[in-house]
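What follows is the content of coords_16.cif, which has mmCIF, C-alpha atoms:
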```cif
data_entry
#
loop_
_atom_site.group_PDB
_atom_site.id
_atom_site.type_symbol
_atom_site.label_atom_id
_atom_site.label_comp_id
_atom_site.auth_asym_id
_atom_site.auth_seq_id
_atom_site.Cartn_x
_atom_site.Cartn_y
_atom_site.Cartn_z
ATOM 1 C CA MET P 1 -3.246 11.757 18.213
ATOM 2 C CA ALA P 2 -1.725 14.095 20.831
ATOM 3 C CA ASN P 3 2.046 14.546 20.526
ATOM 4 C CA GLN P 4 3.738 13.146 23.627
ATOM 5 C CA PHE P 5 6.500 15.752 23.205
ATOM 6 C CA GLY P 6 4.158 18.745 23.211
ATOM 7 C CA ARG P 7 3.241 21.266 20.536
ATOM 8 C CA LYS P 8 6.770 21.573 19.091
ATOM 9 C CA GLY P 9 7.281 17.811 19.009
ATOM 10 C CA TRP P 10 10.595 16.052 19.575
ATOM 11 C CA THR P 11 13.783 18.005 18.857
ATOM 12 C CA PRO P 12 17.491 17.188 19.373
ATOM 13 C CA GLU P 13 17.523 19.527 22.406
ATOM 14 C CA ARG P 14 16.203 16.475 24.287
ATOM 15 C CA ILE P 15 19.409 14.505 23.628
ATOM 16 C CA GLY P 16 21.762 14.421 26.597
ATOM 17 C CA ASN P 17 25.506 13.767 26.652
ATOM 18 C CA LEU P 18 26.353 10.780 24.428
ATOM 19 C CA GLU P 19 30.019 10.426 25.464
ATOM 20 C CA GLY P 20 30.986 6.738 25.430
ATOM 21 C CA LYS P 21 28.141 5.718 23.102
ATOM 22 C CA THR P 22 28.775 4.227 19.654
ATOM 23 C CA TYR P 23 26.318 4.650 16.788
ATOM 24 C CA LEU P 24 26.504 2.805 13.471
ATOM 25 C CA ILE P 25 24.622 4.367 10.570
ATOM 26 C CA THR P 26 24.131 3.179 7.008
ATOM 27 C CA GLY P 27 24.305 5.955 4.427
ATOM 28 C CA GLY P 28 25.776 8.485 6.826
ATOM 29 C CA ASN P 29 27.703 10.521 4.247
ATOM 30 C CA GLY P 30 24.765 12.447 2.755
ATOM 31 C CA GLY P 31 21.224 13.684 3.309
ATOM 32 C CA ALA P 32 19.421 12.947 6.572
ATOM 33 C CA GLY P 33 22.095 10.398 7.549
ATOM 34 C CA PHE P 34 24.815 13.045 7.386
ATOM 35 C CA GLU P 35 22.675 15.468 9.428
ATOM 36 C CA ALA P 36 22.028 12.756 12.026
ATOM 37 C CA THR P 37 25.764 12.022 12.176
ATOM 38 C CA LYS P 38 26.510 15.716 12.777
ATOM 39 C CA ILE P 39 24.070 15.936 15.683
ATOM 40 C CA LEU P 40 25.339 12.703 17.276
ATOM 41 C CA LEU P 41 28.941 13.983 17.083
ATOM 42 C CA ARG P 42 27.869 17.328 18.542
ATOM 43 C CA LYS P 43 26.475 15.423 21.540
ATOM 44 C CA GLY P 44 29.766 13.570 22.073
ATOM 45 C CA ALA P 45 29.007 10.192 20.476
ATOM 46 C CA GLU P 46 31.283 8.057 18.360
ATOM 47 C CA VAL P 47 29.837 7.400 14.885
ATOM 48 C CA VAL P 48 30.833 4.686 12.432
ATOM 49 C CA MET P 49 29.318 5.173 8.979
ATOM 50 C CA LEU P 50 28.645 2.197 6.719
ATOM 51 C CA ASN P 51 28.737 3.661 3.212
ATOM 52 C CA ARG P 52 29.070 2.493 -0.367
ATOM 53 C CA SER P 53 31.327 5.305 -1.628
ATOM 54 C CA ALA P 54 34.845 5.629 -0.197
ATOM 55 C CA ALA P 55 35.371 9.047 -1.836
ATOM 56 C CA LYS P 56 32.113 10.507 -0.474
ATOM 57 C CA SER P 57 32.862 9.036 2.963
ATOM 58 C CA GLU P 58 36.331 10.555 3.111
ATOM 59 C CA LYS P 59 34.941 13.937 2.057
ATOM 60 C CA ALA P 60 32.193 13.685 4.717
ATOM 61 C CA ILE P 61 34.773 12.866 7.409
ATOM 62 C CA GLU P 62 36.935 15.784 6.276
ATOM 63 C CA ASP P 63 33.936 18.140 6.538
ATOM 64 C CA LEU P 64 32.942 16.761 9.941
ATOM 65 C CA LYS P 65 36.473 17.198 11.306
ATOM 66 C CA VAL P 66 36.408 20.822 10.169
ATOM 67 C CA LEU P 67 33.207 21.241 12.182
ATOM 68 C CA PHE P 68 34.111 19.215 15.284
ATOM 69 C CA GLY P 69 37.901 19.131 15.358
ATOM 70 C CA ALA P 70 40.547 16.658 14.245
ATOM 71 C CA ASP P 71 39.802 14.311 17.138
ATOM 72 C CA ALA P 72 36.089 13.941 16.280
ATOM 73 C CA LYS P 73 35.156 10.280 16.768
ATOM 74 C CA ILE P 74 34.044 9.589 13.196
ATOM 75 C CA SER P 75 35.060 6.766 10.846
ATOM 76 C CA TYR P 76 33.594 4.688 8.058
ATOM 77 C CA ILE P 77 33.589 1.137 6.789
ATOM 78 C CA GLU P 78 32.927 0.519 3.115
ATOM 79 C CA MET P 79 29.698 -1.415 2.535
ATOM 80 C CA ASP P 80 27.326 -1.795 -0.398
ATOM 81 C CA LEU P 81 23.865 -2.895 0.761
ATOM 82 C CA ALA P 82 23.135 -4.067 -2.795
ATOM 83 C CA ASN P 83 25.857 -6.723 -2.483
ATOM 84 C CA LEU P 84 25.431 -9.363 0.233
ATOM 85 C CA ALA P 85 29.123 -10.309 0.091
ATOM 86 C CA SER P 86 29.978 -6.653 0.804
ATOM 87 C CA VAL P 87 27.534 -6.629 3.744
ATOM 88 C CA ARG P 88 29.146 -9.775 5.177
ATOM 89 C CA LYS P 89 32.645 -8.328 4.791
ATOM 90 C CA ALA P 90 31.652 -5.033 6.427
ATOM 91 C CA ALA P 91 29.866 -6.799 9.306
ATOM 92 C CA GLU P 92 32.942 -8.937 9.911
ATOM 93 C CA LYS P 93 35.073 -5.797 10.067
ATOM 94 C CA VAL P 94 32.607 -4.140 12.464
ATOM 95 C CA ASN P 95 32.598 -7.192 14.729
ATOM 96 C CA GLN P 96 36.412 -7.246 14.749
ATOM 97 C CA THR P 97 37.153 -3.524 15.126
ATOM 98 C CA VAL P 98 34.185 -1.787 16.784
ATOM 99 C CA PRO P 99 34.191 -2.625 20.517
ATOM 100 C CA LYS P 100 30.467 -2.056 21.015
ATOM 101 C CA ILE P 101 27.319 -0.968 19.219
ATOM 102 C CA ASP P 102 24.790 1.007 21.220
ATOM 103 C CA VAL P 103 22.576 1.748 18.215
ATOM 104 C CA LEU P 104 22.416 0.626 14.586
ATOM 105 C CA ILE P 105 20.538 3.133 12.396
ATOM 106 C CA CYS P 106 19.336 1.611 9.110
ATOM 107 C CA ASN P 107 19.164 4.879 7.190
ATOM 108 C CA ALA P 108 20.458 4.179 3.658
ATOM 109 C CA ALA P 109 18.022 3.558 0.797
ATOM 110 C CA VAL P 110 17.460 3.785 -2.920
ATOM 111 C CA ALA P 111 14.143 5.121 -4.194
ATOM 112 C CA GLN P 112 11.940 5.280 -7.268
ATOM 113 C CA VAL P 113 14.326 3.485 -9.624
ATOM 114 C CA ALA P 114 12.655 4.213 -12.996
ATOM 115 C CA LYS P 115 13.413 0.935 -14.783
ATOM 116 C CA GLN P 116 13.818 -2.496 -13.258
ATOM 117 C CA GLU P 117 17.397 -3.040 -12.099
ATOM 118 C CA PHE P 118 18.999 -5.888 -10.177
ATOM 119 C CA THR P 119 21.559 -6.225 -7.413
ATOM 120 C CA VAL P 120 24.590 -8.461 -7.934
ATOM 121 C CA ASP P 121 22.682 -11.183 -6.062
ATOM 122 C CA GLY P 122 19.787 -11.000 -8.539
ATOM 123 C CA PHE P 123 17.249 -9.104 -6.409
ATOM 124 C CA GLU P 124 15.169 -6.185 -7.672
ATOM 125 C CA SER P 125 17.364 -3.223 -6.698
ATOM 126 C CA GLN P 126 15.056 -1.406 -4.254
ATOM 127 C CA LEU P 127 14.031 -4.545 -2.341
ATOM 128 C CA GLY P 128 17.583 -5.900 -2.468
ATOM 129 C CA THR P 129 19.185 -2.721 -1.118
ATOM 130 C CA ASN P 130 16.582 -1.397 1.290
ATOM 131 C CA HIS P 131 15.373 -4.696 2.754
ATOM 132 C CA TYR P 132 17.626 -7.702 2.095
ATOM 133 C CA GLY P 133 20.881 -5.791 2.663
ATOM 134 C CA HIS P 134 19.677 -4.409 5.999
ATOM 135 C CA PHE P 135 18.079 -7.751 6.991
ATOM 136 C CA LEU P 136 21.460 -9.481 6.665
ATOM 137 C CA LEU P 137 23.381 -6.646 8.347
ATOM 138 C CA ASN P 138 21.098 -6.680 11.395
ATOM 139 C CA ASN P 139 21.455 -10.441 11.698
ATOM 140 C CA LEU P 140 25.257 -10.334 11.577
ATOM 141 C CA LEU P 141 25.527 -7.484 14.111
ATOM 142 C CA PHE P 142 22.666 -8.485 16.414
ATOM 143 C CA ASP P 143 24.749 -10.256 19.079
ATOM 144 C CA LYS P 144 27.032 -7.236 19.454
ATOM 145 C CA ILE P 145 24.035 -4.891 19.714
ATOM 146 C CA GLU P 146 22.523 -7.120 22.391
ATOM 147 C CA GLN P 147 25.742 -7.081 24.420
ATOM 148 C CA SER P 148 25.133 -3.379 25.109
ATOM 149 C CA ASN P 149 21.320 -3.721 25.502
ATOM 150 C CA GLY P 150 21.271 -1.620 22.363
ATOM 151 C CA ARG P 151 18.697 -0.653 19.832
ATOM 152 C CA ILE P 152 17.981 -0.860 16.125
ATOM 153 C CA VAL P 153 16.366 2.002 14.216
ATOM 154 C CA VAL P 154 14.713 1.257 10.880
ATOM 155 C CA VAL P 155 14.156 4.328 8.703
ATOM 156 C CA ALA P 156 11.124 3.516 6.577
ATOM 157 C CA SER P 157 8.849 5.806 4.557
ATOM 158 C CA GLU P 158 5.264 6.975 4.347
ATOM 159 C CA GLY P 159 5.531 5.367 0.913
ATOM 160 C CA TYR P 160 4.767 2.016 2.598
ATOM 161 C CA LYS P 161 1.062 2.712 2.097
ATOM 162 C CA MET P 162 1.226 3.881 -1.528
ATOM 163 C CA GLY P 163 1.598 0.485 -3.223
ATOM 164 C CA ILE P 164 -0.297 -2.825 -3.057
ATOM 165 C CA LYS P 165 -0.141 -2.880 0.771
ATOM 166 C CA THR P 166 1.313 -6.366 0.956
ATOM 167 C CA ILE P 167 4.309 -8.297 -0.368
ATOM 168 C CA GLN P 168 4.068 -9.650 -3.923
ATOM 169 C CA PHE P 169 5.424 -13.091 -3.017
ATOM 170 C CA ASP P 170 4.656 -14.668 -6.393
ATOM 171 C CA ASP P 171 6.896 -12.145 -8.194
ATOM 172 C CA MET P 172 9.297 -10.466 -5.743
ATOM 173 C CA ASN P 173 11.293 -8.847 -8.554
ATOM 174 C CA TRP P 174 8.156 -7.425 -10.216
ATOM 175 C CA ASP P 175 9.079 -8.934 -13.589
ATOM 176 C CA LYS P 176 5.471 -8.702 -14.801
ATOM 177 C CA ASN P 177 4.345 -5.323 -13.462
ATOM 178 C CA TYR P 178 7.383 -3.209 -12.546
ATOM 179 C CA GLU P 179 6.474 0.332 -11.512
ATOM 180 C CA ALA P 180 8.996 2.479 -9.651
ATOM 181 C CA ASN P 181 6.755 3.811 -6.874
ATOM 182 C CA ALA P 182 4.911 0.543 -6.200
ATOM 183 C CA VAL P 183 8.198 -1.343 -5.908
ATOM 184 C CA TYR P 184 9.704 1.324 -3.633
ATOM 185 C CA SER P 185 6.552 1.083 -1.504
ATOM 186 C CA GLN P 186 7.000 -2.696 -1.169
ATOM 187 C CA SER P 187 10.674 -2.318 -0.204
ATOM 188 C CA LYS P 188 9.827 0.114 2.619
ATOM 189 C CA LEU P 189 6.880 -2.019 3.779
ATOM 190 C CA ALA P 190 9.278 -4.989 3.848
ATOM 191 C CA GLN P 191 11.662 -3.029 6.091
ATOM 192 C CA MET P 192 8.837 -2.180 8.492
ATOM 193 C CA MET P 193 7.540 -5.742 8.564
ATOM 194 C CA PHE P 194 11.061 -6.976 9.272
ATOM 195 C CA ALA P 195 11.312 -4.569 12.230
ATOM 196 C CA TYR P 196 7.940 -5.517 13.734
ATOM 197 C CA GLU P 197 8.595 -9.241 13.240
ATOM 198 C CA LEU P 198 12.043 -8.799 14.837
ATOM 199 C CA GLN P 199 10.334 -7.194 17.847
ATOM 200 C CA ASP P 200 8.196 -10.335 18.203
ATOM 201 C CA HIS P 201 11.222 -12.655 17.975
ATOM 202 C CA ILE P 202 13.097 -10.553 20.559
ATOM 203 C CA LYS P 203 10.165 -10.600 22.981
ATOM 204 C CA LYS P 204 9.673 -14.356 22.618
ATOM 205 C CA SER P 205 13.361 -15.113 23.236
ATOM 206 C CA ASN P 206 13.919 -12.490 25.979
ATOM 207 C CA LYS P 207 16.698 -10.686 24.127
ATOM 208 C CA ASN P 208 17.714 -7.179 25.255
ATOM 209 C CA VAL P 209 17.400 -5.148 22.062
ATOM 210 C CA SER P 210 14.795 -2.479 21.273
ATOM 211 C CA VAL P 211 13.632 -1.895 17.703
ATOM 212 C CA PHE P 212 11.988 1.330 16.525
ATOM 213 C CA VAL P 213 10.561 2.372 13.169
ATOM 214 C CA CYS P 214 10.408 5.901 11.790
ATOM 215 C CA HIS P 215 10.180 7.919 8.594
ATOM 216 C CA PRO P 216 11.797 11.264 7.630
ATOM 217 C CA GLY P 217 8.726 12.906 6.089
ATOM 218 C CA ALA P 218 9.336 14.888 2.911
ATOM 219 C CA SER P 219 12.939 16.066 3.200
ATOM 220 C CA LYS P 220 15.433 17.713 0.862
ATOM 221 C CA THR P 221 17.837 14.829 0.361
ATOM 222 C CA SER P 222 19.390 13.182 -2.675
ATOM 223 C CA LEU P 223 17.073 10.156 -2.476
ATOM 224 C CA ILE P 224 15.012 11.149 -5.520
ATOM 225 C CA LYS P 225 17.579 11.744 -8.245
ATOM 226 C CA LYS P 226 18.683 10.596 -11.688
ATOM 227 C CA ASP P 227 17.277 7.051 -11.325
ATOM 228 C CA ALA P 228 13.733 8.281 -10.712
ATOM 229 C CA PRO P 229 11.165 8.605 -13.517
ATOM 230 C CA LEU P 230 11.157 12.047 -15.175
ATOM 231 C CA VAL P 231 7.675 12.947 -13.891
ATOM 232 C CA THR P 232 8.723 12.069 -10.336
ATOM 233 C CA ARG P 233 11.843 14.245 -10.655
ATOM 234 C CA ILE P 234 9.911 17.226 -11.999
ATOM 235 C CA THR P 235 7.170 16.925 -9.351
ATOM 236 C CA TRP P 236 9.773 16.606 -6.604
ATOM 237 C CA ALA P 237 11.729 19.649 -7.842
ATOM 238 C CA ILE P 238 8.551 21.755 -7.605
ATOM 239 C CA LEU P 239 7.641 20.385 -4.165
ATOM 240 C CA ALA P 240 11.191 20.798 -2.832
ATOM 241 C CA ALA P 241 10.978 24.535 -3.492
ATOM 242 C CA SER P 242 7.784 24.801 -1.430
ATOM 243 C CA PRO P 243 7.045 24.822 2.327
ATOM 244 C CA LEU P 244 5.638 21.285 1.913
ATOM 245 C CA VAL P 245 9.193 19.933 2.067
ATOM 246 C CA GLN P 246 11.529 20.312 5.040
ATOM 247 C CA SER P 247 15.313 20.396 5.392
ATOM 248 C CA ALA P 248 17.445 17.243 5.513
ATOM 249 C CA GLU P 249 18.325 18.204 9.097
ATOM 250 C CA LYS P 250 14.671 18.096 10.158
ATOM 251 C CA GLY P 251 14.350 14.852 8.215
ATOM 252 C CA SER P 252 16.975 13.384 10.564
ATOM 253 C CA TYR P 253 14.999 14.148 13.734
ATOM 254 C CA PRO P 254 12.827 10.985 13.720
ATOM 255 C CA GLU P 255 15.807 8.626 13.443
ATOM 256 C CA LEU P 256 17.679 10.582 16.126
ATOM 257 C CA MET P 257 14.657 10.393 18.391
ATOM 258 C CA CYS P 258 14.398 6.630 17.872
ATOM 259 C CA ALA P 259 18.149 6.307 18.509
ATOM 260 C CA THR P 260 18.205 8.266 21.780
ATOM 261 C CA GLU P 261 14.793 8.834 23.384
ATOM 262 C CA GLU P 262 13.547 6.680 26.280
ATOM 263 C CA GLY P 263 9.965 5.474 26.642
ATOM 264 C CA LEU P 264 9.101 4.991 22.965
ATOM 265 C CA LYS P 265 6.626 2.318 21.848
ATOM 266 C CA GLN P 266 7.687 -0.677 19.775
ATOM 267 C CA LYS P 267 4.676 -1.339 17.513
ATOM 268 C CA ALA P 268 4.656 2.307 16.465
ATOM 269 C CA PHE P 269 5.703 4.567 13.599
ATOM 270 C CA TYR P 270 7.444 7.870 14.346
ATOM 271 C CA GLY P 271 7.992 10.906 12.139
ATOM 272 C CA PRO P 272 6.661 14.381 11.275
ATOM 273 C CA THR P 273 3.010 14.653 12.317
ATOM 274 C CA GLY P 274 1.865 17.574 10.113
ATOM 275 C CA MET P 275 -0.178 17.454 6.914
ATOM 276 C CA ASN P 276 0.217 14.092 5.118
ATOM 277 C CA TYR P 277 2.995 13.378 7.655
ATOM 278 C CA TRP P 278 5.348 15.313 5.339
ATOM 279 C CA THR P 279 6.537 17.978 7.794
ATOM 280 C CA GLY P 280 5.649 19.284 11.243
ATOM 281 C CA PRO P 281 6.376 18.347 14.863
ATOM 282 C CA VAL P 282 8.016 14.940 15.275
ATOM 283 C CA GLY P 283 6.039 12.361 17.213
ATOM 284 C CA GLU P 284 3.961 9.221 16.729
ATOM 285 C CA CYS P 285 2.178 8.832 13.377
ATOM 286 C CA LYS P 286 -0.768 6.650 12.467
ATOM 287 C CA LEU P 287 0.358 3.128 11.548
ATOM 288 C CA GLU P 288 -1.756 1.379 8.922
ATOM 289 C CA PRO P 289 -2.819 -2.144 9.985
ATOM 290 C CA HIS P 290 -1.480 -3.841 6.835
ATOM 291 C CA ALA P 291 2.080 -3.180 8.103
ATOM 292 C CA LEU P 292 1.370 -5.506 11.037
ATOM 293 C CA ASN P 293 -0.145 -8.430 9.113
ATOM 294 C CA LYS P 294 1.412 -11.317 11.034
ATOM 295 C CA ASP P 295 1.049 -13.928 8.286
ATOM 296 C CA VAL P 296 2.795 -11.697 5.743
ATOM 297 C CA MET P 297 5.486 -10.647 8.258
ATOM 298 C CA SER P 298 6.318 -14.273 9.139
ATOM 299 C CA ARG P 299 6.352 -15.372 5.511
ATOM 300 C CA LEU P 300 8.629 -12.472 4.561
ATOM 301 C CA TRP P 301 10.996 -13.318 7.437
ATOM 302 C CA THR P 302 11.319 -16.950 6.317
ATOM 303 C CA LEU P 303 11.868 -15.917 2.702
ATOM 304 C CA SER P 304 14.445 -13.279 3.713
ATOM 305 C CA GLU P 305 16.449 -15.837 5.702
ATOM 306 C CA LYS P 306 16.482 -18.091 2.635
ATOM 307 C CA GLU P 307 17.398 -15.327 0.163
ATOM 308 C CA THR P 308 20.211 -13.922 2.318
ATOM 309 C CA ASP P 309 21.368 -17.435 3.309
ATOM 310 C CA CYS P 310 21.524 -16.423 6.952
ATOM 311 C CA GLN P 311 19.433 -17.897 9.771
ATOM 312 C CA TRP P 312 18.699 -15.800 12.856
ATOM 313 C CA ASN P 313 19.828 -17.462 16.064
ATOM 314 C CA PHE P 314 16.900 -17.095 18.455
#
```
How does the structure come out when it is put into structure tokens?
Amino acid sequence: MANQFGRKGWTPERIGNLEGKTYLITGGNGGAGFEATKILLRKGAEVVMLNRSAAKSEKAIEDLKVLFGADAKISYIEMDLANLASVRKAAEKVNQTVPKIDVLICNAAVAQVAKQEFTVDGFESQLGTNHYGHFLLNNLLFDKIEQSNGRIVVVASEGYKMGIKTIQFDDMNWDKNYEANAVYSQSKLAQMMFAYELQDHIKKSNKNVSVFVCHPGASKTSLIKKDAPLVTRITWAILAASPLVQSAEKGSYPELMCATEEGLKQKAFYGPTGMNYWTGPVGECKLEPHALNKDVMSRLWTLSEKETDCQWNF
């Protein structure tokens, strides 16, 4: 697959002046989300971070104001994706206090949680945080995004093809066969299926919102940490010290591209295009057909509306 952006792939040099644009990002106070926030601010945008930790958010804002000056347009709203009441409260605050949303970047995630854990709403923690939390947030902010003909960026993972390649509807919490990587894989596949199904709903109802899906490749972020199985942590530590893993800044390029670049395709998957799609020039990656299984996508959508107790208004 030839890279539409040439041999070097997409880089932030392609981003023009973003003065007057407002970007919301989940998990913007660390890792690739923090790097994306830095680049957006450098280009003149306003960024509102939706983060779980107040202390980490305040520290991130302090650091960003050192870099970009005291009047840098950066703020945060406290939100825990693993708590649907927190998502509702944060969305209400956004709708009341943020005049417009040009782009919502769904960047936050938890990964490879070693032992089965649950969100306060009773969902398996990876599915509950990565998928259900974002599903509800997008629903509650959708009208405001549409008002500015905006876009939604879903940050998924190449991990979507490492598990069972479908949704385990008969046991969504994996009570019988919990395995950290397989469950992470399902949560990221669920995010992708949500995005592609949302594209179909938008097209059918003539709404003015674009939805793009990307992945960060293998990047040095804090995603794989204490919650991951020991073997995963050891393997990752070895890989992270090698050229097979790129910086968190480069890991932010795909989501920045999807947030700013014109002419991207909807039913597509963007990220690093090098070996195993871990690193390399950013562009379009191969999308496995199971991510576009319409029956599974529709069933997941209906279930997600029920579980989050929030109907989409199309």
Translate the PyMOL selection byres ((chain P and resi 146) around 12) into a concrete residue list for this structure, as a ChimeraX atom specification. /P:100-104,138-145,147-152,202,206-211
Return as a Markdown table the residues of segment 116-230 of chain P lying at most 12 Å from segment 43-66 of chain P, together with the closest atom-to-atom pair for each and the distance in Å to one decimal, counting all atoms listed in the file, with rows in chain order and ascending residue number.
```
| residue | atom | partner | partner_atom | distance |
| --- | --- | --- | --- | --- |
| P:Thr129 | CA | P:Arg52 | CA | 11.2 |
| P:Gly133 | CA | P:Leu50 | CA | 11.9 |
| P:His134 | CA | P:Leu50 | CA | 11.2 |
| P:Leu137 | CA | P:Leu50 | CA | 10.4 |
```
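With all atoms listed in the file as the atoms that count, the minimum distance from Thr273 of chain P to the choices P:Glu307, P:Glu179, P:Glu158, P:Glu288 is reached by P:Glu158.
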The PyMOL selection byres ((chain P and resi 106) around 10) applied to the shown file, residues as a list in words: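 On this input, the PyMOL selection byres ((chain P and resi 106) around 10) captures Leu24, Ile25, Thr26, Gly27, Gly28, Gly33, Leu50, Val103, Leu104, Ile105, Asn107, Ala108, Ala109, Asn130, His131, Gly133, His134, Phe135, Leu137, Asn138, Ile152, Val153, Val154, Val155, Ala156, Gln191, Val213 and Glu255 of chain P.
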So which residues fall inside 12 Å of (3.1, -15.4, 7.3) if we count all atoms listed in the file? Mind giving them as a ChimeraX atom specification? /P:166-167,169,193-194,197,292-303
Name the residues that the PyMOL selection byres ((chain P and resi 249) around 9) picks from the file above, as a list of chain:residue names, using the file's chain letters and numbers. P:Gly31, P:Ala32, P:Gly33, P:Phe34, P:Glu35, P:Ala36, P:Ser219, P:Lys220, P:Gln246, P:Ser247, P:Ala248, P:Lys250, P:Gly251, P:Ser252, P:Tyr253
I'd like to know which of P:Trp10, P:Gly20, P:Lys73, P:Lys176 is closest to Leu41 of chain P, using only C-alpha atoms.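 Ranked by minimum distance to Leu41 of chain P, first place goes to P:Lys73.
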